[in-house]
$ cat model14.cif   # mmCIF, C-alpha atoms
data_coords
#
loop_
_atom_site.label_atom_id
_atom_site.label_comp_id
_atom_site.auth_asym_id
_atom_site.auth_seq_id
_atom_site.Cartn_x
_atom_site.Cartn_y
_atom_site.Cartn_z
CA MET P 1 -4.21 -48.31 -7.09
CA ALA P 2 -2.25 -47.46 -10.27
CA ALA P 3 -1.27 -43.83 -10.72
CA HIS P 4 -3.36 -43.36 -13.88
CA ALA P 5 -6.44 -44.82 -12.18
CA LEU P 6 -5.92 -42.56 -9.18
CA GLY P 7 -5.63 -39.62 -11.55
CA ARG P 8 -8.96 -40.41 -13.20
CA GLU P 9 -10.58 -40.84 -9.79
CA LEU P 10 -9.32 -37.45 -8.62
CA ASP P 11 -10.29 -35.66 -11.83
CA ALA P 12 -13.85 -36.96 -11.54
CA VAL P 13 -14.23 -35.27 -8.15
CA ALA P 14 -11.88 -32.29 -8.53
CA GLY P 15 -13.61 -30.61 -11.48
CA PRO P 16 -17.09 -30.35 -9.93
CA ALA P 17 -15.59 -29.55 -6.50
CA ARG P 18 -13.55 -26.67 -7.92
CA ALA P 19 -16.57 -25.34 -9.82
CA GLY P 20 -18.59 -25.45 -6.61
CA LEU P 21 -15.94 -23.49 -4.72
CA VAL P 22 -15.83 -20.86 -7.44
CA ARG P 23 -19.62 -20.50 -7.33
CA ARG P 24 -19.61 -20.10 -3.55
CA ILE P 25 -16.93 -17.43 -3.64
CA GLY P 26 -18.73 -15.66 -6.46
CA LEU P 27 -21.88 -15.27 -4.38
CA SER P 28 -20.09 -12.63 -2.32
CA GLY P 29 -19.68 -10.42 -5.38
CA VAL P 30 -15.92 -10.30 -4.89
CA TRP P 31 -15.22 -10.67 -8.62
CA ASP P 32 -17.71 -8.07 -9.81
CA ALA P 33 -14.95 -5.46 -10.08
CA ASP P 34 -12.55 -7.78 -11.95
CA PRO P 35 -14.09 -10.95 -13.44
CA GLU P 36 -10.74 -12.13 -14.81
CA TRP P 37 -9.85 -13.43 -11.37
CA ARG P 38 -12.83 -15.75 -11.47
CA ALA P 39 -11.38 -17.30 -14.63
CA ALA P 40 -8.07 -17.83 -12.81
CA PHE P 41 -9.75 -19.65 -9.91
CA GLU P 42 -11.70 -21.77 -12.40
CA ALA P 43 -8.52 -22.75 -14.24
CA VAL P 44 -5.93 -23.33 -11.49
CA PRO P 45 -6.32 -26.72 -9.71
CA ARG P 46 -5.79 -26.10 -5.99
CA HIS P 47 -5.37 -29.82 -5.28
CA LEU P 48 -2.06 -29.88 -7.17
CA PHE P 49 -0.71 -27.38 -4.64
CA VAL P 50 -1.95 -29.11 -1.50
CA PRO P 51 -1.00 -32.82 -1.79
CA TYR P 52 -1.54 -33.10 1.96
CA TYR P 53 -2.72 -30.99 4.86
CA TYR P 54 -3.51 -31.33 8.55
CA VAL P 55 -6.86 -31.17 10.31
CA GLY P 56 -7.26 -30.74 14.03
CA VAL P 57 -8.39 -33.77 16.01
CA GLN P 58 -8.53 -34.44 19.72
CA GLY P 59 -4.97 -34.51 21.00
CA GLY P 60 -3.31 -33.17 17.85
CA TYR P 61 -3.60 -33.30 14.07
CA GLU P 62 -4.63 -35.80 11.42
CA ARG P 63 -2.80 -35.79 8.08
CA LEU P 64 -4.97 -36.09 4.98
CA TRP P 65 -3.08 -36.79 1.78
CA ARG P 66 -3.49 -37.66 -1.85
CA GLY P 67 -1.49 -40.89 -1.64
CA SER P 68 -3.49 -42.60 1.10
CA ALA P 69 -4.34 -46.25 0.44
CA ASP P 70 -7.84 -45.61 1.76
CA PRO P 71 -10.13 -44.15 -0.96
CA ARG P 72 -12.31 -42.56 1.73
CA VAL P 73 -9.32 -40.60 3.03
CA ARG P 74 -8.42 -39.53 -0.51
CA GLU P 75 -11.94 -38.23 -1.07
CA ARG P 76 -11.93 -36.40 2.28
CA TRP P 77 -8.60 -34.84 1.30
CA LEU P 78 -9.86 -33.70 -2.10
CA ARG P 79 -13.18 -32.35 -0.92
CA GLY P 80 -11.38 -30.53 1.88
CA VAL P 81 -9.07 -28.87 -0.64
CA TYR P 82 -12.09 -27.32 -2.34
CA THR P 83 -13.77 -25.97 0.77
CA ASP P 84 -13.45 -22.26 1.51
CA VAL P 85 -11.12 -22.63 4.48
CA PRO P 86 -7.39 -22.18 5.13
CA LEU P 87 -5.44 -25.45 5.17
CA ALA P 88 -2.54 -26.20 7.52
CA THR P 89 0.25 -27.48 5.26
CA ARG P 90 3.32 -27.47 7.50
CA LEU P 91 3.77 -28.05 11.22
CA CYS P 92 6.88 -27.79 13.38
CA ASP P 93 6.72 -29.17 16.92
CA GLY P 94 2.94 -28.96 16.74
CA GLU P 95 2.96 -25.29 15.63
CA LEU P 96 1.62 -24.09 12.27
CA VAL P 97 4.42 -22.64 10.11
CA SER P 98 2.78 -22.58 6.68
CA SER P 99 -0.71 -22.77 5.25
CA SER P 100 -2.78 -22.44 2.11
CA SER P 101 -4.94 -19.37 2.68
CA GLN P 102 -8.73 -19.28 2.58
CA PRO P 103 -9.67 -19.03 -1.12
CA SER P 104 -12.30 -16.31 -0.65
CA LEU P 105 -9.76 -14.14 1.20
CA MET P 106 -7.21 -14.80 -1.55
CA ALA P 107 -9.80 -13.69 -4.10
CA ARG P 108 -10.48 -10.47 -2.16
CA MET P 109 -6.77 -9.72 -1.90
CA LEU P 110 -6.07 -10.35 -5.57
CA VAL P 111 -8.93 -8.07 -6.61
CA GLU P 112 -7.73 -5.39 -4.15
CA LEU P 113 -4.22 -5.66 -5.61
CA ALA P 114 -5.69 -3.93 -8.69
CA VAL P 115 -3.33 -5.40 -11.27
CA THR P 116 -3.52 -4.43 -14.92
CA ASP P 117 -2.05 -6.14 -17.97
CA GLY P 118 1.72 -5.86 -17.72
CA SER P 119 1.86 -5.38 -13.93
CA ARG P 120 5.05 -6.78 -12.41
CA VAL P 121 4.17 -8.48 -9.12
CA LEU P 122 6.27 -9.60 -6.15
CA GLU P 123 4.67 -12.06 -3.73
CA ILE P 124 6.13 -12.28 -0.22
CA GLY P 125 5.69 -15.82 1.11
CA ALA P 126 5.62 -18.58 -1.52
CA GLY P 127 3.49 -20.98 0.54
CA THR P 128 2.24 -23.83 -1.62
CA GLY P 129 2.64 -21.83 -4.84
CA TYR P 130 -1.13 -21.60 -5.41
CA ASN P 131 -1.35 -17.81 -5.15
CA ALA P 132 1.63 -17.42 -7.48
CA ALA P 133 -0.13 -19.71 -9.97
CA LEU P 134 -3.26 -17.54 -9.87
CA LEU P 135 -1.09 -14.46 -10.50
CA ALA P 136 0.81 -16.20 -13.30
CA HIS P 137 -2.42 -17.34 -14.94
CA ARG P 138 -3.69 -13.76 -14.98
CA LEU P 139 -0.45 -11.93 -15.86
CA GLY P 140 1.98 -14.48 -17.32
CA ASP P 141 4.93 -16.28 -15.75
CA GLY P 142 7.48 -13.60 -16.57
CA LEU P 143 5.70 -10.89 -14.57
CA VAL P 144 5.45 -12.81 -11.28
CA THR P 145 8.14 -13.36 -8.63
CA THR P 146 7.52 -15.18 -5.34
CA VAL P 147 10.02 -15.38 -2.48
CA ASP P 148 10.38 -17.40 0.70
CA LEU P 149 13.07 -17.86 3.34
CA GLU P 150 12.71 -21.66 3.64
CA PRO P 151 14.34 -23.90 0.98
CA GLU P 152 11.81 -26.68 1.60
CA ILE P 153 8.94 -24.29 0.88
CA THR P 154 10.44 -22.80 -2.29
CA GLU P 155 11.33 -26.25 -3.62
CA SER P 156 7.84 -27.64 -3.09
CA ALA P 157 6.19 -24.47 -4.45
CA ARG P 158 8.32 -24.71 -7.59
CA ALA P 159 7.38 -28.37 -8.03
CA HIS P 160 3.66 -27.67 -7.52
CA LEU P 161 3.77 -24.79 -10.01
CA ALA P 162 5.51 -26.92 -12.64
CA ALA P 163 2.97 -29.73 -12.16
CA ALA P 164 0.19 -27.22 -12.84
CA GLY P 165 1.99 -25.77 -15.88
CA TYR P 166 3.22 -22.46 -14.40
CA ARG P 167 6.78 -21.18 -14.12
CA PRO P 168 7.00 -17.81 -12.37
CA ARG P 169 10.25 -16.93 -10.61
CA VAL P 170 10.55 -18.73 -7.26
CA VAL P 171 13.31 -17.13 -5.20
CA LEU P 172 14.92 -18.34 -2.00
CA GLY P 173 15.58 -15.30 0.17
CA ASP P 174 14.43 -12.82 2.78
CA GLY P 175 11.14 -11.30 1.64
CA ALA P 176 11.74 -8.24 3.81
CA ARG P 177 14.48 -7.22 1.33
CA GLY P 178 12.05 -7.26 -1.56
CA VAL P 179 14.10 -9.29 -4.13
CA PRO P 180 16.00 -6.32 -5.60
CA GLU P 181 17.45 -8.31 -8.52
CA HIS P 182 14.07 -8.44 -10.25
CA ALA P 183 12.80 -4.97 -9.32
CA PRO P 184 11.06 -2.64 -9.99
CA TYR P 185 7.59 -3.98 -9.15
CA ASP P 186 4.21 -2.44 -9.80
CA ARG P 187 2.56 -4.50 -7.06
CA ILE P 188 3.73 -6.24 -3.88
CA ILE P 189 1.44 -8.68 -2.09
CA ALA P 190 2.32 -10.46 1.15
CA THR P 191 0.66 -13.75 2.05
CA CYS P 192 2.06 -13.79 5.59
CA ALA P 193 1.52 -11.44 8.52
CA LEU P 194 4.09 -8.74 9.26
CA PRO P 195 4.55 -6.56 12.36
CA SER P 196 5.35 -3.52 10.17
CA VAL P 197 6.05 -2.53 6.57
CA PRO P 198 9.69 -3.09 5.54
CA PRO P 199 10.86 0.31 4.21
CA ALA P 200 13.11 -1.54 1.74
CA TRP P 201 10.03 -2.54 -0.24
CA LEU P 202 9.47 1.05 -1.36
CA ALA P 203 12.82 1.16 -3.13
CA ARG P 204 11.83 -1.98 -5.09
CA CYS P 205 8.65 -0.35 -6.40
CA SER P 206 7.87 1.88 -9.34
CA PRO P 207 6.14 5.20 -8.49
CA GLY P 208 2.41 4.65 -7.98
CA ALA P 209 2.88 0.98 -7.06
CA ARG P 210 0.40 -0.69 -4.73
CA ILE P 211 1.40 -2.79 -1.70
CA LEU P 212 -1.07 -5.12 0.01
CA VAL P 213 0.08 -6.60 3.29
CA PRO P 214 -1.56 -8.41 6.25
CA LEU P 215 -0.78 -6.41 9.38
CA ALA P 216 -2.34 -6.45 12.86
CA THR P 217 -5.16 -8.86 11.83
CA GLY P 218 -6.09 -6.53 8.95
CA LEU P 219 -5.17 -5.87 5.31
CA LEU P 220 -3.25 -2.69 4.60
CA ALA P 221 -3.26 -1.19 1.08
CA LEU P 222 -0.44 1.31 0.47
CA THR P 223 0.27 3.54 -2.52
CA VAL P 224 3.97 4.18 -3.13
CA ARG P 225 4.86 7.78 -3.94
CA ASP P 226 8.59 7.24 -4.29
CA ALA P 227 11.44 5.18 -2.81
CA ARG P 228 11.00 6.76 0.62
CA HIS P 229 7.27 7.50 0.92
CA ALA P 230 4.06 5.47 0.91
CA GLU P 231 0.69 5.82 2.54
CA GLY P 232 -2.64 4.03 2.68
CA THR P 233 -5.50 2.64 4.74
CA PHE P 234 -6.76 -0.72 5.94
CA LEU P 235 -9.55 -2.62 4.24
CA ASP P 236 -12.61 -3.38 6.33
CA THR P 237 -11.98 -7.14 6.44
CA ALA P 238 -10.25 -9.26 9.07
CA ALA P 239 -7.20 -11.26 7.96
CA TYR P 240 -5.22 -13.80 9.96
CA PHE P 241 -2.01 -15.18 8.46
CA VAL P 242 1.05 -17.13 9.56
CA PRO P 243 3.79 -14.59 10.48
CA LEU P 244 6.64 -13.92 8.07
CA ARG P 245 9.54 -16.14 9.07
CA GLY P 246 12.36 -14.09 10.52
CA SER P 247 10.06 -11.23 11.57
CA GLY P 248 9.83 -12.27 15.23
CA PRO P 249 6.80 -13.46 17.22
CA ASP P 250 3.28 -12.37 16.41
CA PRO P 251 2.50 -9.30 18.59
CA ALA P 252 -1.01 -10.64 19.18
CA ASP P 253 0.49 -13.57 21.10
CA GLY P 254 1.35 -11.23 23.97
CA ILE P 255 -2.02 -9.50 24.21
CA PRO P 256 -4.35 -10.74 26.97
CA HIS P 257 -7.59 -12.03 25.50
CA ARG P 258 -10.99 -11.72 27.16
CA SER P 259 -14.11 -13.41 25.92
CA GLY P 260 -15.84 -10.03 25.74
CA ASP P 261 -13.26 -8.47 23.41
CA HIS P 262 -14.68 -6.99 20.21
CA GLU P 263 -12.76 -8.05 17.13
CA PRO P 264 -12.09 -4.43 15.99
CA LEU P 265 -10.71 -3.69 19.46
CA ARG P 266 -8.43 -6.70 19.12
CA PHE P 267 -7.15 -5.12 15.91
CA LEU P 268 -6.31 -1.85 17.69
CA LEU P 269 -4.62 -3.70 20.55
CA THR P 270 -2.45 -5.56 18.05
CA LEU P 271 -1.72 -2.45 15.99
CA THR P 272 -0.57 -0.47 19.04
CA HIS P 273 1.14 -3.34 20.89
CA GLY P 274 4.31 -2.09 22.60
CA THR P 275 3.46 1.59 22.06
CA LEU P 276 0.09 2.02 23.79
CA ASP P 277 -1.10 0.51 27.05
CA PRO P 278 -4.06 -1.86 26.46
CA ARG P 279 -6.27 0.16 28.82
CA GLU P 280 -5.41 3.37 26.96
CA ALA P 281 -6.18 1.64 23.66
CA HIS P 282 -9.54 0.47 24.99
CA ASP P 283 -10.44 3.94 26.24
CA LEU P 284 -9.46 5.49 22.91
CA TRP P 285 -11.57 2.93 21.05
CA GLU P 286 -14.62 3.70 23.14
CA ARG P 287 -14.07 7.46 22.96
CA GLU P 288 -13.81 7.39 19.17
CA LEU P 289 -17.07 5.37 18.83
CA ARG P 290 -15.47 1.96 18.32
CA PRO P 291 -13.77 2.54 14.96
CA GLY P 292 -13.46 -0.31 12.48
CA ARG P 293 -10.31 -1.19 10.56
CA GLU P 294 -11.14 1.05 7.60
CA ARG P 295 -10.60 4.17 9.74
CA TYR P 296 -6.92 3.33 10.32
CA GLY P 297 -3.97 3.95 8.05
CA VAL P 298 -0.19 3.74 7.83
CA THR P 299 2.46 6.16 6.59
CA VAL P 300 5.98 5.12 5.61
CA ALA P 301 8.35 8.09 5.39
CA ASP P 302 12.14 8.18 5.37
CA GLY P 303 12.48 4.75 6.94
CA ARG P 304 9.92 5.35 9.70
CA VAL P 305 6.57 3.59 9.82
CA ARG P 306 3.62 4.87 11.82
CA ALA P 307 -0.05 3.97 12.10
CA TRP P 308 -2.84 6.49 12.64
CA LEU P 309 -6.58 6.85 13.15
CA ASP P 310 -8.66 8.87 10.66
CA ASP P 311 -5.98 11.39 9.64
CA PRO P 312 -2.19 10.95 9.21
CA GLU P 313 -1.79 14.45 10.69
CA GLY P 314 -4.38 13.92 13.43
CA PRO P 315 -3.90 13.43 17.18
CA TYR P 316 -3.75 9.62 17.15
CA SER P 317 -0.56 8.17 15.75
CA TRP P 318 1.74 5.29 16.79
CA PRO P 319 5.08 3.99 15.55
CA LEU P 320 5.12 0.43 14.21
CA ARG P 321 7.98 -1.78 15.35
#
$ encode --input "model14.cif" --output "structure tokens"
Amino acid sequence: MAAHALGRELDAVAGPARAGLVRRIGLSGVWDADPEWRAAFEAVPRHLFVPYYYVGVQGGYERLWRGSADPRVRERWLRGVYTDVPLATRLCDGELVSSSSQPSLMARMLVELAVTDGSRVLEIGAGTGYNAALLAHRLGDGLVTTVDLEPEITESARAHLAAAGYRPRVVLGDGARGVPEHAPYDRIIATCALPSVPPAWLARCSPGARILVPLATGLLALTVRDARHAEGTFLDTAAYFVPLRGSGPDPADGIPHRSGDHEPLRFLLTLTHGTLDPREAHDLWERELRPGRERYGVTVADGRVRAWLDDPEGPYSWPLR
């Protein structure tokens, strides 16, 4: 099929599919606090950022892609792009190394980032470029920087962004350093899971900046006081992301899993991995009436990072490694 004919075919399906996704996300009320993000999701075409992805099948993965000769595969690919699910975009030896996050979770995170006009934003983990495009649509290209450690990822993200008409800064580098050459930032958002909060990020932020980072299967929102101090609490939602490359293995990989585990307990086990025995963590969780994520917080002070339950000065506190 000629490229222009394929383009018309995709446009005929993509527009209604994107509108349907936006309606479904909107039913949750996520955009009530900031409707401008709804306009961004309506405008930015996710399919330009995910030209292919992998779906699990018996014995491995099936690759769905835009360029398939089979029109049924192309339609499956496109409709899958506009479902509210994360999409596996890169595999290495059968292991997931990059993904396009679940759109409804992206929407929640962008609202929670609490940007205002003129906010300078650093995104840790370029992924497909889709999240950077949403940020650039809302704020403008010049206020958005996205960074990734893998050249293949930054190159493809840059190409996807250009195809969609966006040109934020796409930087090849270690996100844990915080891209100092373009600092200071008013907001930092990570789209990959971290085992802790890199203290270097605080020095890249303006006072009062907000940091939103996936940590221990949750979403942590920090307020930066100055270059050495930040503090905040977890949101009440679960969040599972591919780990930041270079940060080491996911701590949750080493935690024994039992079918009877409660998800909030799993969060505590991950948060305290390496510093609290799993049995002690379980007993604490029961004793404190099975606390949810929103009762936990994190303090960054003078290069040290510690998590706590209910009160940063209370009896329950653990260093993050």
$ resolve_selection --input "model14.cif" --expression "the PyMOL selection byres ((chain P and resi 79-94) around 7)" --output "list of chain:residue names"
P:Ala17, P:Arg18, P:Leu21, P:Arg46, P:His47, P:Tyr52, P:Tyr53, P:Tyr54, P:Glu75, P:Arg76, P:Trp77, P:Leu78, P:Glu95, P:Leu96, P:Val97, P:Ser98, P:Ser99, P:Ser100, P:Ser101, P:Gln102, P:Pro103, P:Ser104
$ resolve_selection --input "model14.cif" --expression "the PyMOL selection byres ((chain P and resi 30) around 12)" --output "list in words"
Val22, Arg23, Arg24, Ile25, Gly26, Leu27, Ser28, Gly29, Trp31, Asp32, Ala33, Asp34, Pro35, Glu36, Trp37, Arg38, Pro103, Ser104, Leu105, Met106, Ala107, Arg108, Met109, Leu110, Val111 and Glu112 of chain P
$ closest_residue --input "model14.cif" --among "P:Leu309, P:Ala203, P:Ala114, P:Val50" --to "Ala227 in chain P" --atoms "all atoms listed in the file"
P:Ala203
$ resolve_selection --input "model14.cif" --expression "the PyMOL selection byres ((chain P and resi 130-141) around 10)" --output "PyMOL selection string"
chain P and resi 36-50+100-101+103+106-107+110+115-129+142-147+157-158+160-162+164-170+191
$ atom_distance --input "model14.cif" --atom1 "CA of Arg287 in chain P" --atom2 "CA of Tyr316 in chain P"
12.0 Å
$ residues_around --input "model14.cif" --residues "range 292-302 of chain P" --least-positions-apart "4" --cutoff "8 Å" --atoms "all atoms listed in the file" --output "PyMOL selection string"
chain P and resi 197+199+218+220+222+228-237+264+267+306-312
$ residues_near_point --input "model14.cif" --point "(1.3, -6.4, 15.5)" --cutoff "9 Å" --atoms "all atoms listed in the file" --output "PyMOL selection string"
chain P and resi 193-196+215-217+250-252+267+269-274+320-321
$ atom_distance --input "model14.cif" --atom1 "CA of Val171 in chain P" --atom2 "CA of Asp148 in chain P"
6.6 Å
$ decode --input "model14.cif" --residues "range 265-320 of chain P" --atoms "C-alpha atoms" --output "PDB file, in the first residue's frame"
ATOM      1  CA  LEU P 265       2.069  -4.434  52.101  1.00  0.00           C
ATOM      2  CA  ARG P 266       4.031  -5.122  48.933  1.00  0.00           C
ATOM      3  CA  PHE P 267       4.715  -1.387  48.780  1.00  0.00           C
ATOM      4  CA  LEU P 268       6.117  -1.357  52.325  1.00  0.00           C
ATOM      5  CA  LEU P 269       8.246  -4.441  51.646  1.00  0.00           C
ATOM      6  CA  THR P 270       9.723  -2.722  48.596  1.00  0.00           C
ATOM      7  CA  LEU P 271      10.206   0.595  50.377  1.00  0.00           C
ATOM      8  CA  THR P 272      12.093  -1.027  53.273  1.00  0.00           C
ATOM      9  CA  HIS P 273      13.956  -3.670  51.245  1.00  0.00           C
ATOM     10  CA  GLY P 274      17.484  -4.107  52.615  1.00  0.00           C
ATOM     11  CA  THR P 275      16.784  -2.121  55.789  1.00  0.00           C
ATOM     12  CA  LEU P 276      13.884  -3.985  57.421  1.00  0.00           C
ATOM     13  CA  ASP P 277      13.308  -7.716  57.646  1.00  0.00           C
ATOM     14  CA  PRO P 278      10.139  -8.723  55.722  1.00  0.00           C
ATOM     15  CA  ARG P 279       8.610 -10.255  58.861  1.00  0.00           C
ATOM     16  CA  GLU P 280       9.266  -7.042  60.798  1.00  0.00           C
ATOM     17  CA  ALA P 281       7.712  -5.034  57.965  1.00  0.00           C
ATOM     18  CA  HIS P 282       4.640  -7.260  57.993  1.00  0.00           C
ATOM     19  CA  ASP P 283       4.247  -6.947  61.761  1.00  0.00           C
ATOM     20  CA  LEU P 284       4.604  -3.167  61.570  1.00  0.00           C
ATOM     21  CA  TRP P 285       1.996  -3.008  58.809  1.00  0.00           C
ATOM     22  CA  GLU P 286      -0.502  -4.996  60.848  1.00  0.00           C
ATOM     23  CA  ARG P 287       0.242  -3.065  64.046  1.00  0.00           C
ATOM     24  CA  GLU P 288      -0.301   0.285  62.323  1.00  0.00           C
ATOM     25  CA  LEU P 289      -3.677  -0.832  60.866  1.00  0.00           C
ATOM     26  CA  ARG P 290      -2.443  -1.662  57.366  1.00  0.00           C
ATOM     27  CA  PRO P 291      -1.446   1.826  56.206  1.00  0.00           C
ATOM     28  CA  GLY P 292      -1.841   2.784  52.557  1.00  0.00           C
ATOM     29  CA  ARG P 293       0.772   4.579  50.482  1.00  0.00           C
ATOM     30  CA  GLU P 294      -0.506   8.055  51.342  1.00  0.00           C
ATOM     31  CA  ARG P 295       0.668   7.657  54.955  1.00  0.00           C
ATOM     32  CA  TYR P 296       4.320   7.353  53.901  1.00  0.00           C
ATOM     33  CA  GLY P 297       6.763  10.090  53.041  1.00  0.00           C
ATOM     34  CA  VAL P 298      10.395  10.791  52.195  1.00  0.00           C
ATOM     35  CA  THR P 299      12.876  13.384  53.420  1.00  0.00           C
ATOM     36  CA  VAL P 300      16.049  14.341  51.551  1.00  0.00           C
ATOM     37  CA  ALA P 301      18.503  16.233  53.748  1.00  0.00           C
ATOM     38  CA  ASP P 302      22.205  16.896  53.253  1.00  0.00           C
ATOM     39  CA  GLY P 303      22.639  14.026  50.809  1.00  0.00           C
ATOM     40  CA  ARG P 304      20.761  11.460  52.906  1.00  0.00           C
ATOM     41  CA  VAL P 305      17.397  10.038  51.889  1.00  0.00           C
ATOM     42  CA  ARG P 306      15.017   8.381  54.331  1.00  0.00           C
ATOM     43  CA  ALA P 307      11.442   7.159  54.191  1.00  0.00           C
ATOM     44  CA  TRP P 308       8.993   7.368  57.091  1.00  0.00           C
ATOM     45  CA  LEU P 309       5.475   6.486  58.190  1.00  0.00           C
ATOM     46  CA  ASP P 310       3.050   9.255  59.246  1.00  0.00           C
ATOM     47  CA  ASP P 311       5.615  11.700  60.658  1.00  0.00           C
ATOM     48  CA  PRO P 312       9.195  12.479  59.512  1.00  0.00           C
ATOM     49  CA  GLU P 313      10.122  12.808  63.208  1.00  0.00           C
ATOM     50  CA  GLY P 314       8.131   9.748  64.288  1.00  0.00           C
ATOM     51  CA  PRO P 315       9.356   6.304  65.377  1.00  0.00           C
ATOM     52  CA  TYR P 316       9.244   4.648  61.945  1.00  0.00           C
ATOM     53  CA  SER P 317      11.973   5.741  59.574  1.00  0.00           C
ATOM     54  CA  TRP P 318      14.245   3.897  57.102  1.00  0.00           C
ATOM     55  CA  PRO P 319      17.164   4.937  54.913  1.00  0.00           C
ATOM     56  CA  LEU P 320      16.695   4.531  51.160  1.00  0.00           C
TER      57      LEU P 320
END
